[in-house]
Amino acid sequence: MAAVLSAPSPLTATLPEDVVLRAEDLHTHFIVGERAAKSVDGVTLTVRRGETLAVVGESGSGKSVTSLSIMRLLAHPGRIVAGKILYRMRDGTVVDLATLPEKRMRAIRGKEIAMIFQEPMTSLNPLYTVGDQIMEMIRLHEPLSRHEARRRARQMLELVEIPAAEKRLDQYPHEMSGGMRQRVMIALALSCNPALLIADEPTTALDVTIQAQILDLMRRLQRDIGMSILFITHNLGVVAEIAHEVAVMYAGRVVEQAPVEALFARPRHPYTKGLLACIPNPERDRAADGARLMLNPIPGNVPSVLNLPPGCTYAPRCPLVEPHCEGEAPGLVPAGPGHLSRCFRHELL
Amino acid sequence: MSQSPSPAGGDVLLSVRNLSKRFHTASGPVKAVEDVSFDVGRGRIVGIVGESGSGKTTAGRCILRLVEPSEGEAVFDGVDLFKLPERALRAYRRRMQIIFQDPYSSLNPRMRVGDIIGEAIDTHGLAKGAARQARIADLLTRVGLSPEHARRYPHEFSGGQRQRIGIARALAVEPELIVADEPVSALDVSVQAQVLNLIQELQKELGLTMLFISHDLTVVEYLCDDIVVLYLGRILEQGPSREVYANPRHPYTKALLSTAPIPDPTVRRERVILQGDIPSPLDPPSGCVFRTRCPFAIEACARAVPPHESVSPGHSVACIRQAELATPATQKVTA
């Protein structure tokens with residue numbers, strides 16, 4: 001393995017220095033018999049070092065499948081069928097996670113890239129104490145004694161601001177609240193000091209006041225440790241709070257990526273614009289006399305990944321649709337400084 | 001306990017007084033709802049907000065007597081629902097309906113949509129034969145579906161469509177009051193907006209009164225005329241929603257509003273991030289239930305449950321320090 005790593009990688013030159021991860025035209029399909037569910041159908045996105053990229057989308061947009069593809073944790077029959085996932089390792093070499101052998105992937109999970117989920121109990125084992133689980137993770141990647149690993153585990157709990165860390169090490173996950181478990185999961189994910197953290201809806205199951213605590217913690221950890229975060233969410237409010245960059249997904253594709261201020265100030269894809277209009281806004285949605293105005297929902301439904309429309313997948317719901325949108329799929333093109341849009345007519349927005 | 005002010009002025013359809021509900025569990029009694037009083041004006045939408053364990057769902061179900069209350073009264077159009085015998089209650093059940101959060105588990109998967117809606121019509125003997133069919137078709141059209149959908153089964157519909165079916169079922173008996181328990185929480189944003197518009201159209205057209213239970217402060221601000229803030233079974237603040245959002249007076253309401261994510265990265269707010277977890281309802285704090293997480297708690301807060309004090313017309317707060325803490329409302333400053 002050392003020999004492979006030391007060989008100059010032809011990929012290294014292809015990824016700019018400040019980029020940690022870049023997915024290029026990634027396709028992940030779930031193939032059952034004759035039918036293919038194109039859950040990820042050409043995703044291109046970029047995570048910059050030390051920044052948070054929020055991937056936002058509704059159910060079925062492919063945001064979770066994208067993250068599982070990056071971690072190569074796809075369940076059968078899911079498979080990456082095309083595209084690249086370029087990742088810059090800590091030593092500077094660039095690898096393509098889409099084709100990396102499973103054996104090398106195992107050294108990357110946890111140590112280079114770690115992942116946290118919406119429901120902490122999917123990653124915490126109910127039969128082991130919190131301390132044992134963090135120690136196992138640490139010792140899998142580093143040659144530490146039990147004693148040293150326990151000390152590190154306690155430091156990890158302190159890092160995520162769990163009070164009485166020493167006592168908590170000997171507790172089981174069920175003895176903790178939802179917010180506390182989410183902190184433990186973050187501690188577990190960070191215990192091998194990953195360069196990239198993938199967080200899949202980490203605050204969705206939490207109450208508002210607990211969500212605020214966890215978002216605050218993640219912001220602080222990023223500032224202190226300098227890790228990059230890929231933050232998957234359906235909540236545009238959370239995006240505004242946590243993201244530097246935003247990628248908006250629709251029906252298996254990124255339809256827009258931009259710095260967070262630019263995206264909210266002037267969305268350059270009709271879907272993003274439609275999504276923002278769906279969220280109630282007290283200033284916009286009240287008439288001068290205080291009467292409520294109706295919201296502007298996006299008509300229709302998200303298309304099925306088993307039967308995506310040809311051309312632009314948003315065309316059937318789009319207010320700007322033109323005949324050629326239905327024949328040809330638009331590419332992701334520049335639409336402003338650092339701003340990409342997958343729309344032929346983005347200049348009208 | 002002091003009487004809660006009436007937010008609606010004269011025409012009150014439902015008046016809840018001192019509602020309490022205790023559940024007896026193996027680990028002891030749980031005070032799910034404790035001494036809750038509020039009024040619902042006819043034709044108004046009242047939002048009940050709170051986090052997990054706040055008792056918002058239990059309160060809604062007690063009012064409909066889907067859960068038997070332990071104490072208190074709920075006066076609906078002059079009659080205390082809690083004192084009605086089961087038989088007499090039936091007539092009132094027709095006037096009050098509920099919409100559930102989960103459109104996947106609240107519809108019988110083995111029944112056709114027409115029969116799900118028809119069942120409510122049959123139960124109350126409202127229409128038969130062709131009139132019944134016409135009514136089902138009309139209800140489906142009203143909620144944005146088509147009459148042909150009556151022959152299909154729930155699994156053939158999307159989440160948003162199922163919620164429309166749930167709404168059609170509730171409307172089938174022409175209720176006056178609807179308790180909507182997190183009706184849009186399970187839906188995607190774009191579908192949520194469609195259902196919120198539908199709820200408003202129906203509310204206006206049919207003159208419905210609604211109790212809208214939700215944890216989503218953005219939706220409540222938009223939709224509700226009045227708001228009731230619950231925490232660990234007790235009301236901490238209530239009033240007209242524009243007044244409460246513009247001028248929250250309870251430290252909990254302030255914290256809740258300051259941390260609800262707003263989809264605008266240029267909004268800079270002074271966030272009040274509460275420490276710790278919501279205490280277990282099995283062992284709530286003495287005195288003010290919020291004091292263990294309150295940044296302003298003093299010794300006196302532990303001694304007695306704070307009474308509701310009126311701070312402006314219809315707006316009341318249960319905090320002994322509300323007057324001294326009354327500073328200008330948390331400003332939303334655009335950076």
# chains A, B, ... in the order shown; residues from 1 in each chain; ligands from 1

call {"tool": "interface_residues", "arguments": {"of": "chain B", "to": "chain A", "cutoff": "10 Å", "atoms": "only C-alpha atoms", "output": "PyMOL selection string"}}
result
chain B and resi 50-52+158+160+187-198+200-201+215-225+242+252+255-268+271-280

call {"tool": "residues_around", "arguments": {"residues": "segment 129-134 of chain B", "least_positions_apart": "3", "cutoff": "9 Å", "atoms": "only C-alpha atoms", "output": "PDB file with C-alpha atoms, in the first residue's frame"}}
result
ATOM      1  CA  GLY B 114     -63.804   6.926  -1.089  1.00  0.00           C
ATOM      2  CA  GLY B 118     -67.452   7.861   3.330  1.00  0.00           C
ATOM      3  CA  ILE B 121     -70.250  10.474   6.532  1.00  0.00           C
ATOM      4  CA  ASP B 122     -71.880   7.129   7.473  1.00  0.00           C
ATOM      5  CA  LEU B 126     -75.058  12.591   6.909  1.00  0.00           C
ATOM      6  CA  ALA B 137     -66.470  13.718  -5.083  1.00  0.00           C
ATOM      7  CA  ASP B 138     -67.002  17.283  -3.920  1.00  0.00           C
ATOM      8  CA  LEU B 139     -64.659  16.844  -0.945  1.00  0.00           C
ATOM      9  CA  PRO B 147     -63.283  12.431  -7.908  1.00  0.00           C
TER      10      PRO B 147
END

call {"tool": "residues_around", "arguments": {"residues": "Glu158 of chain A", "least_positions_apart": "6", "cutoff": "9 Å", "atoms": "only C-alpha atoms", "output": "short mmCIF file (atom, residue, chain, number, x, y, z; two decimals) with C-alpha atoms, in the first residue's frame"}}
result
data_model
loop_
_atom_site.label_atom_id
_atom_site.label_comp_id
_atom_site.auth_asym_id
_atom_site.auth_seq_id
_atom_site.Cartn_x
_atom_site.Cartn_y
_atom_site.Cartn_z
CA ALA A 164 -19.05 14.92 33.54
CA ALA A 165 -17.16 13.23 30.70
CA ALA A 187 -17.09 12.79 19.28
#

call {"tool": "atom_distance", "arguments": {"atom1": "atom CA of Arg48 of chain A", "atom2": "atom CA of Ala23 of chain A"}}
result
12.0 Å

call {"tool": "select_by_dssp", "arguments": {"residues": "segment 87-247 of chain B", "states": "alpha helix (DSSP H)", "output": "PyMOL selection string"}}
result
chain B and resi 87-93+113-123+129-142+159-171+189-206+217-223+241-246

call {"tool": "select_by_dssp", "arguments": {"residues": "segment 182-240 of chain A", "states": "strand (DSSP E or B)", "output": "MDAnalysis selection string"}}
result
chainID A and resid 196:200 228:233

call {"tool": "write_last_selection", "arguments": {"atoms": "N, CA, C and O atoms", "output": "PDB file, in the first residue's frame"}}
result
ATOM      1  N   LEU A 196     -12.381  15.532   6.655  1.00  0.00           N
ATOM      2  CA  LEU A 196     -13.706  15.851   6.123  1.00  0.00           C
ATOM      3  C   LEU A 196     -14.776  15.133   6.944  1.00  0.00           C
ATOM      4  O   LEU A 196     -14.670  13.930   7.191  1.00  0.00           O
ATOM      5  N   LEU A 197     -15.775  15.893   7.370  1.00  0.00           N
ATOM      6  CA  LEU A 197     -16.899  15.300   8.099  1.00  0.00           C
ATOM      7  C   LEU A 197     -18.135  15.385   7.212  1.00  0.00           C
ATOM      8  O   LEU A 197     -18.487  16.461   6.735  1.00  0.00           O
ATOM      9  N   ILE A 198     -18.787  14.241   6.992  1.00  0.00           N
ATOM     10  CA  ILE A 198     -20.051  14.252   6.260  1.00  0.00           C
ATOM     11  C   ILE A 198     -21.167  14.122   7.286  1.00  0.00           C
ATOM     12  O   ILE A 198     -21.216  13.167   8.050  1.00  0.00           O
ATOM     13  N   ALA A 199     -22.047  15.118   7.328  1.00  0.00           N
ATOM     14  CA  ALA A 199     -23.120  15.137   8.318  1.00  0.00           C
ATOM     15  C   ALA A 199     -24.453  15.057   7.575  1.00  0.00           C
ATOM     16  O   ALA A 199     -24.814  15.986   6.857  1.00  0.00           O
ATOM     17  N   ASP A 200     -25.148  13.941   7.712  1.00  0.00           N
ATOM     18  CA  ASP A 200     -26.402  13.727   6.992  1.00  0.00           C
ATOM     19  C   ASP A 200     -27.589  14.053   7.899  1.00  0.00           C
ATOM     20  O   ASP A 200     -27.962  13.257   8.753  1.00  0.00           O
ATOM     21  N   SER A 228     -13.190  20.229   7.113  1.00  0.00           N
ATOM     22  CA  SER A 228     -14.187  20.567   6.102  1.00  0.00           C
ATOM     23  C   SER A 228     -15.452  19.759   6.400  1.00  0.00           C
ATOM     24  O   SER A 228     -15.373  18.667   6.936  1.00  0.00           O
ATOM     25  N   ILE A 229     -16.606  20.330   6.070  1.00  0.00           N
ATOM     26  CA  ILE A 229     -17.875  19.651   6.371  1.00  0.00           C
ATOM     27  C   ILE A 229     -18.750  19.603   5.118  1.00  0.00           C
ATOM     28  O   ILE A 229     -18.895  20.608   4.417  1.00  0.00           O
ATOM     29  N   LEU A 230     -19.287  18.423   4.860  1.00  0.00           N
ATOM     30  CA  LEU A 230     -20.337  18.290   3.851  1.00  0.00           C
ATOM     31  C   LEU A 230     -21.617  18.076   4.643  1.00  0.00           C
ATOM     32  O   LEU A 230     -21.775  17.056   5.306  1.00  0.00           O
ATOM     33  N   PHE A 231     -22.510  19.065   4.626  1.00  0.00           N
ATOM     34  CA  PHE A 231     -23.661  19.070   5.522  1.00  0.00           C
ATOM     35  C   PHE A 231     -24.927  18.856   4.701  1.00  0.00           C
ATOM     36  O   PHE A 231     -25.297  19.708   3.887  1.00  0.00           O
ATOM     37  N   ILE A 232     -25.570  17.722   4.894  1.00  0.00           N
ATOM     38  CA  ILE A 232     -26.753  17.407   4.103  1.00  0.00           C
ATOM     39  C   ILE A 232     -28.003  17.759   4.889  1.00  0.00           C
ATOM     40  O   ILE A 232     -28.138  17.384   6.060  1.00  0.00           O
ATOM     41  N   THR A 233     -28.905  18.508   4.267  1.00  0.00           N
ATOM     42  CA  THR A 233     -30.108  18.924   4.984  1.00  0.00           C
ATOM     43  C   THR A 233     -31.232  19.245   4.004  1.00  0.00           C
ATOM     44  O   THR A 233     -30.995  19.465   2.819  1.00  0.00           O
TER      45      THR A 233
END

call {"tool": "residues_around", "arguments": {"residues": "Thr28 of chain A", "least_positions_apart": "4", "cutoff": "10 Å", "atoms": "only C-alpha atoms", "output": "JSON list (two decimals) with C-alpha atoms, in the first residue's frame"}}
result
[["chain", "number", "residue", "atom", "x", "y", "z"],
["A", 36, "ALA", "CA", -32.57, 1.50, -12.97],
["A", 37, "ALA", "CA", -33.40, 4.05, -10.30],
["A", 38, "LYS", "CA", -31.09, 6.92, -11.18],
["A", 39, "SER", "CA", -30.83, 8.29, -7.64],
["A", 40, "VAL", "CA", -27.67, 10.21, -8.47],
["A", 41, "ASP", "CA", -27.70, 11.24, -12.10],
["A", 42, "GLY", "CA", -24.66, 13.39, -12.79],
["A", 43, "VAL", "CA", -23.71, 15.14, -9.55],
["A", 62, "GLY", "CA", -30.32, 12.07, -4.12],
["A", 65, "VAL", "CA", -27.16, 8.64, -1.82],
["A", 66, "THR", "CA", -24.47, 11.14, -2.87],
["A", 68, "LEU", "CA", -23.16, 7.27, 0.85],
["A", 69, "SER", "CA", -21.47, 7.09, -2.55],
["A", 74, "LEU", "CA", -24.04, 1.98, -0.71],
["A", 78, "GLY", "CA", -26.77, 0.56, -5.36],
["A", 79, "ARG", "CA", -23.69, 1.07, -7.50],
["A", 80, "ILE", "CA", -21.55, 3.93, -8.75],
["A", 81, "VAL", "CA", -21.87, 3.50, -12.51],
["A", 82, "ALA", "CA", -19.93, 6.54, -13.73],
["A", 83, "GLY", "CA", -18.06, 9.64, -12.61],
["A", 252, "GLY", "CA", -30.37, 13.37, -8.73]]

call {"tool": "residues_around", "arguments": {"residues": "segment 135-152 of chain A", "least_positions_apart": "3", "cutoff": "8 Å", "atoms": "only C-alpha atoms", "output": "PyMOL selection string"}}
result
chain A and resi 107+110-111+131-132+155-156+188+191-192
